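What follows is a single structure, written as structure tokens, with notes after it.
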2 protein chains.
Amino acid sequence: MKNKTGEAETALTVQAAAAQTGLSVHTLRYYERAGLIPSIRRDDGSGHRRYQDRDLTFIEFLKRLRTTGMPISEMQRYADLMRQGNITMEERKAMLEAHRERVRLQIAELQASLSAIEWKIENYDRLGLEQAVSTSEKEGTNGIK
Amino acid sequence: MKNKTGEAETALTVQAAAAQTGLSVHTLRYYERAGLIPSIRRDDGSGHRRYQDRDLTFIEFLKRLRTTGMPISEMQRYADLMRQGNITMEERKAMLEAHRERVRLQIAELQASLSAIEWKIENYDRLGLEQAVSTSEKEGTNGIK
DNA sequence: CCTTGACTTAGAGCACGCTCTAAGGTGTAC
DNA sequence: GTACACCTTAGAGCGTGCTCTAAGTCAAGG
């Protein structure tokens with residue numbers, strides 16, 4: 001959905017920005033109100049939001065943070081630091097480093113869980129349609145409800 | 001925290017089960033009420049829950065499903081199927097297979113986000129304490145608030 | 001001019017997954 | 001027998017992250 005030759009076109013409406021980022025219009029406004037997004041420029045007459053390329057780039061980054069489970073409150077802190085300028089670079093970097101570790105842990109946990117799930121699926125294969133009782137479930141058949 | 005030589009001891013109280021699984025007492029009862037856990041046996045006189053090894057094993061599996069983002073409603077469906085016995089094995093296996101794909105996707109997404117975060121951290125290193133404006137943020141310094 | 005439609009705001013509402021409360025039962029220790 | 005710890009239940013409450021509503025503004029088209 002690039003404009004012409006892919007050069008700076010800027011100025012998307014909130015709808016267009018929603019379409020492009022995959023967030024809802026509501027969520028975009030919510031993020032801005034929450035102070036996560038710095039400043040979105042407005043159209044002179046109407047006061048409507050006009051998303052520029054750098055806004056969209058930053059929103060993509062915010063999406064990364066959310067995807068990886070960073071709470072809104074921490075993203076607010078990060079955005080606050082950005083607003084304070086360069087003197088906060090170290091702290092921002094430290095936040096990202098801490099978050100990086102959490103993400104690595106998350107990935108490791110998911111991988112362990114994936115293994116467990118795969119193992120369970122293989123169990124269903126092994127004990128397939130002949131026998132039933134799997135290695136960790138001997139329930140069923142007793143009408144509990 | 002195994003009992004003696006690590007053999008079958010069964011019969012943990014809800015507190016002990018909570019300690020062992022890392023879930024709260026409240027959550028254990030909530031899961032049972034929600035029909036996620038099949039049956040937990042009760043003490044004759046008091047009616048108190050007595051968690052057996054297989055209960056704990058199954059709870060660990062439930063934790064895997066939750067960790068990987070399976071909604072409670074879907075876990076309820078899975079537990080329902082278990083209660084219906086062996087004829088539902090295929091459907092249960094299908095559920096796990098579908099979930100496995102979602103988990104794989106999640107991991108891929110997390111890894112992509114991790115890369116983005118790492119890249120951003122490296123940016124802070126590169127533009128370090130000398131210059132400030134990073135590749136995707138030229139905010140700051142304009143007192144918005 | 002006036003309708004249409006996309007936008008604006010502040011604030012209410014909602015789904016999810018717990019988490020806690022209130023009122024009461026059981027059983028062991030003194 | 002009574003204090004105490006620990007359990008039971010049904011149901012209310014809560015934090016998070018959206019999601020939606022109501023009331024109003026603006027600009028372009030007929």
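Labels for the structure tokens follow display order: chains A, B, ..., residues from 1 in each chain, ligands from 1.
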Identify all residues of chain B in helix (DSSP H, G or I) (DSSP on the backbone) and supply them as a PyMOL selection string. chain B and resi 14-21+25-33+53-67+72-83+86-126
Counting only C-alpha atoms (C1' of nucleotides), chain D residues within 9 Å of chain A, as a ChimeraX atom specification: /D:16-20,25-27
Would you mind listing what lies within 8 Å of Thr10 in chain B as a list in words, with only C-alpha atoms (C1' of nucleotides) counted and same-chain residues fewer than 5 positions away left out? Arg50, Tyr51, Gln52 and Asp53 of chain B
Mind running chain A against chain B at 7 Å and telling me each contacting residue's nearest atom pair with the distance in Å (one decimal), counting only C-alpha atoms, chain and number ascending, as a tab-separated table?
```
residue	atom	partner	partner_atom	distance
A:Arg54	CA	B:Ser136	CA	6.5
A:Thr57	CA	B:Ser136	CA	6.7
A:Phe58	CA	B:Ser136	CA	6.5
A:Arg64	CA	B:Ser113	CA	5.2
A:Thr68	CA	B:Leu110	CA	6.2
A:Met82	CA	B:Gly140	CA	5.5
A:Arg83	CA	B:Gly140	CA	4.1
A:Gln84	CA	B:Gly140	CA	5.5
A:Gly85	CA	B:Gly140	CA	4.2
A:Asn86	CA	B:Ala132	CA	5.6
A:Lys93	CA	B:Ile121	CA	6.0
A:Leu96	CA	B:Ile121	CA	6.7
A:Arg100	CA	B:Leu114	CA	6.6
A:Val103	CA	B:Leu114	CA	6.7
A:Ile107	CA	B:Ile107	CA	6.1
A:Leu110	CA	B:Thr68	CA	6.2
A:Ser113	CA	B:Arg64	CA	5.2
A:Leu114	CA	B:Arg100	CA	6.6
A:Ile117	CA	B:Arg100	CA	6.8
A:Ile121	CA	B:Lys93	CA	6.0
A:Tyr124	CA	B:Lys93	CA	6.4
A:Ala132	CA	B:Asn86	CA	5.6
A:Ser136	CA	B:Arg54	CA	6.6
A:Glu139	CA	B:Arg83	CA	6.6
A:Gly140	CA	B:Gly85	CA	4.1
A:Thr141	CA	B:Gly85	CA	5.0
```
Produce a file of the selected residues containing N, CA, C and O atoms, as a short mmCIF file (atom, residue, chain, number, x, y, z; two decimals), in the first residue's frame.
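Result file out24.cif:
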```cif
data_model
loop_
_atom_site.label_atom_id
_atom_site.label_comp_id
_atom_site.auth_asym_id
_atom_site.auth_seq_id
_atom_site.Cartn_x
_atom_site.Cartn_y
_atom_site.Cartn_z
N ARG A 54 7.04 8.66 10.62
CA ARG A 54 7.76 8.36 11.87
C ARG A 54 6.80 7.95 12.99
O ARG A 54 7.15 7.17 13.87
N THR A 57 6.13 4.33 12.31
CA THR A 57 7.31 3.55 12.71
C THR A 57 7.33 3.35 14.21
O THR A 57 7.58 2.24 14.71
N PHE A 58 7.04 4.43 14.92
CA PHE A 58 7.06 4.32 16.38
C PHE A 58 5.93 3.43 16.87
O PHE A 58 6.12 2.63 17.80
N ARG A 64 5.47 -3.97 19.12
CA ARG A 64 6.46 -4.97 19.53
C ARG A 64 6.49 -5.10 21.04
O ARG A 64 6.53 -6.20 21.60
N THR A 68 5.16 -8.38 23.23
CA THR A 68 6.07 -9.09 24.12
C THR A 68 5.68 -8.89 25.59
O THR A 68 6.45 -9.23 26.48
N MET A 82 11.27 9.54 26.71
CA MET A 82 11.55 10.07 25.39
C MET A 82 11.26 11.56 25.33
O MET A 82 12.03 12.34 24.76
N ARG A 83 10.16 11.94 25.92
CA ARG A 83 9.77 13.35 25.93
C ARG A 83 10.79 14.23 26.65
O ARG A 83 10.95 15.41 26.34
N GLN A 84 11.48 13.61 27.59
CA GLN A 84 12.46 14.39 28.35
C GLN A 84 13.78 14.55 27.61
O GLN A 84 14.67 15.25 28.09
N GLY A 85 13.89 13.88 26.48
CA GLY A 85 15.06 14.11 25.64
C GLY A 85 16.23 13.20 25.93
O GLY A 85 16.10 12.17 26.59
N ASN A 86 17.37 13.65 25.45
CA ASN A 86 18.54 12.77 25.37
C ASN A 86 19.13 12.36 26.71
O ASN A 86 19.79 11.33 26.81
N LYS A 93 17.52 2.80 27.58
CA LYS A 93 18.27 1.62 27.14
C LYS A 93 18.19 0.52 28.21
O LYS A 93 17.95 -0.66 27.89
N LEU A 96 14.91 -1.25 28.06
CA LEU A 96 14.84 -2.20 26.95
C LEU A 96 15.66 -3.45 27.24
O LEU A 96 15.25 -4.56 26.90
N ARG A 100 14.25 -7.06 27.32
CA ARG A 100 14.84 -8.09 26.46
C ARG A 100 14.99 -9.41 27.23
O ARG A 100 14.67 -10.48 26.69
N VAL A 103 11.70 -11.09 27.60
CA VAL A 103 11.25 -11.69 26.35
C VAL A 103 11.98 -13.01 26.11
O VAL A 103 11.37 -14.01 25.71
N ILE A 107 10.22 -16.65 25.66
CA ILE A 107 10.44 -17.54 24.53
C ILE A 107 10.84 -18.92 25.03
O ILE A 107 10.31 -19.94 24.57
N LEU A 110 7.80 -20.62 26.38
CA LEU A 110 6.91 -21.08 25.31
C LEU A 110 7.47 -22.31 24.64
O LEU A 110 6.73 -23.23 24.30
N SER A 113 6.86 -25.27 26.79
CA SER A 113 5.45 -25.65 26.73
C SER A 113 5.12 -26.29 25.39
O SER A 113 4.35 -27.26 25.33
N LEU A 114 5.73 -25.76 24.35
CA LEU A 114 5.51 -26.35 23.03
C LEU A 114 5.96 -27.81 23.02
O LEU A 114 5.24 -28.69 22.52
N ILE A 117 3.42 -29.92 24.73
CA ILE A 117 2.23 -30.10 23.91
C ILE A 117 2.50 -31.10 22.78
O ILE A 117 1.68 -31.98 22.49
N ILE A 121 0.70 -34.67 22.00
CA ILE A 121 0.12 -35.03 20.70
C ILE A 121 0.66 -36.38 20.23
O ILE A 121 -0.10 -37.23 19.76
N TYR A 124 -1.10 -39.14 21.83
CA TYR A 124 -2.38 -39.45 21.19
C TYR A 124 -2.14 -40.34 19.97
O TYR A 124 -2.92 -41.23 19.68
N ALA A 132 -6.71 -46.26 24.97
CA ALA A 132 -7.11 -44.88 25.24
C ALA A 132 -6.29 -44.19 26.31
O ALA A 132 -5.81 -43.07 26.12
N SER A 136 -0.90 -39.38 31.10
CA SER A 136 -1.20 -38.52 32.24
C SER A 136 -2.69 -38.27 32.44
O SER A 136 -3.09 -37.37 33.13
N GLU A 139 -8.70 -40.40 33.36
CA GLU A 139 -10.06 -39.99 33.72
C GLU A 139 -11.04 -40.57 32.71
O GLU A 139 -10.85 -41.62 32.19
N GLY A 140 -12.03 -39.79 32.43
CA GLY A 140 -13.05 -40.21 31.46
C GLY A 140 -13.84 -41.40 31.97
O GLY A 140 -13.58 -41.93 33.04
N THR A 141 -14.82 -41.80 31.22
CA THR A 141 -15.64 -43.00 31.46
C THR A 141 -16.43 -43.02 32.77
O THR A 141 -17.41 -43.71 32.86
#
```
Interface, chain C side, toward chain A (12 Å; only C-alpha atoms (C1' of nucleotides)) as a PDB file with N, CA and C atoms (P, O5', C5', C4', C3', O3' and C1' of nucleotides), in the first residue's frame:
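Resulting contents of out-v4.pdb:
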```pdb
ATOM      1  P    DA C   6     -17.302   7.581   6.426  1.00  0.00           P
ATOM      2  O5'  DA C   6     -15.796   7.983   6.724  1.00  0.00           O
ATOM      3  C5'  DA C   6     -15.198   9.089   6.043  1.00  0.00           C
ATOM      4  C4'  DA C   6     -14.579  10.037   7.048  1.00  0.00           C
ATOM      5  C3'  DA C   6     -13.956   9.321   8.269  1.00  0.00           C
ATOM      6  O3'  DA C   6     -12.607   9.758   8.459  1.00  0.00           O
ATOM      7  C1'  DA C   6     -15.327  11.111   8.962  1.00  0.00           C
ATOM      8  P    DC C   7     -11.692   9.056   9.519  1.00  0.00           P
ATOM      9  O5'  DC C   7     -11.727  10.047  10.781  1.00  0.00           O
ATOM     10  C5'  DC C   7     -10.925  11.204  10.760  1.00  0.00           C
ATOM     11  C4'  DC C   7     -11.563  12.297  11.578  1.00  0.00           C
ATOM     12  C3'  DC C   7     -11.307  12.219  13.085  1.00  0.00           C
ATOM     13  O3'  DC C   7      -9.993  12.683  13.387  1.00  0.00           O
ATOM     14  C1'  DC C   7     -13.490  13.059  12.545  1.00  0.00           C
ATOM     15  P    DT C   8      -9.382  12.435  14.799  1.00  0.00           P
ATOM     16  O5'  DT C   8     -10.289  13.307  15.790  1.00  0.00           O
ATOM     17  C5'  DT C   8     -10.018  14.708  15.933  1.00  0.00           C
ATOM     18  C4'  DT C   8     -10.941  15.308  16.978  1.00  0.00           C
ATOM     19  C3'  DT C   8     -10.863  14.665  18.346  1.00  0.00           C
ATOM     20  O3'  DT C   8      -9.771  15.194  19.073  1.00  0.00           O
ATOM     21  C1'  DT C   8     -13.131  15.025  17.748  1.00  0.00           C
ATOM     22  P    DT C   9      -9.210  14.372  20.270  1.00  0.00           P
ATOM     23  O5'  DT C   9     -10.318  14.581  21.408  1.00  0.00           O
ATOM     24  C5'  DT C   9     -10.556  15.893  21.931  1.00  0.00           C
ATOM     25  C4'  DT C   9     -11.705  15.814  22.913  1.00  0.00           C
ATOM     26  C3'  DT C   9     -11.441  14.857  24.053  1.00  0.00           C
ATOM     27  O3'  DT C   9     -11.061  15.629  25.199  1.00  0.00           O
ATOM     28  C1'  DT C   9     -13.601  14.433  23.081  1.00  0.00           C
ATOM     29  P    DA C  10     -10.423  14.907  26.465  1.00  0.00           P
ATOM     30  O5'  DA C  10     -11.703  14.500  27.311  1.00  0.00           O
ATOM     31  C5'  DA C  10     -12.739  15.452  27.565  1.00  0.00           C
ATOM     32  C4'  DA C  10     -13.867  14.755  28.271  1.00  0.00           C
ATOM     33  C3'  DA C  10     -13.433  13.893  29.464  1.00  0.00           C
ATOM     34  O3'  DA C  10     -14.355  14.089  30.528  1.00  0.00           O
ATOM     35  C1'  DA C  10     -14.478  12.510  27.813  1.00  0.00           C
TER      36       DA C  10
END
```
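Take CA of Ala18 in chain B and CA of Ser73 in chain A: the distance between them is 29.3 Å.
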One decimal place gives the CA of Arg41 in chain B-C1' of DC18 in chain C separation as 23.5 Å
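Across the structure, C1' of DG29 in chain D and CA of Ala16 in chain A are spaced 22.4 Å apart.
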Find the residues around DA28 in chain D up to 12 Å (only C-alpha atoms (C1' of nucleotides) counted), leave out those fewer than 4 positions away in its own chain, and share them as a ChimeraX atom specification. /C:2-6
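Using only C-alpha atoms (C1' of nucleotides), the protein and nucleic acid residues lying no more than 12 Å from DG11 in chain D, apart from those fewer than 5 places from it along its own chain, are DC20, DT21, DA22 and DA23 of chain C.
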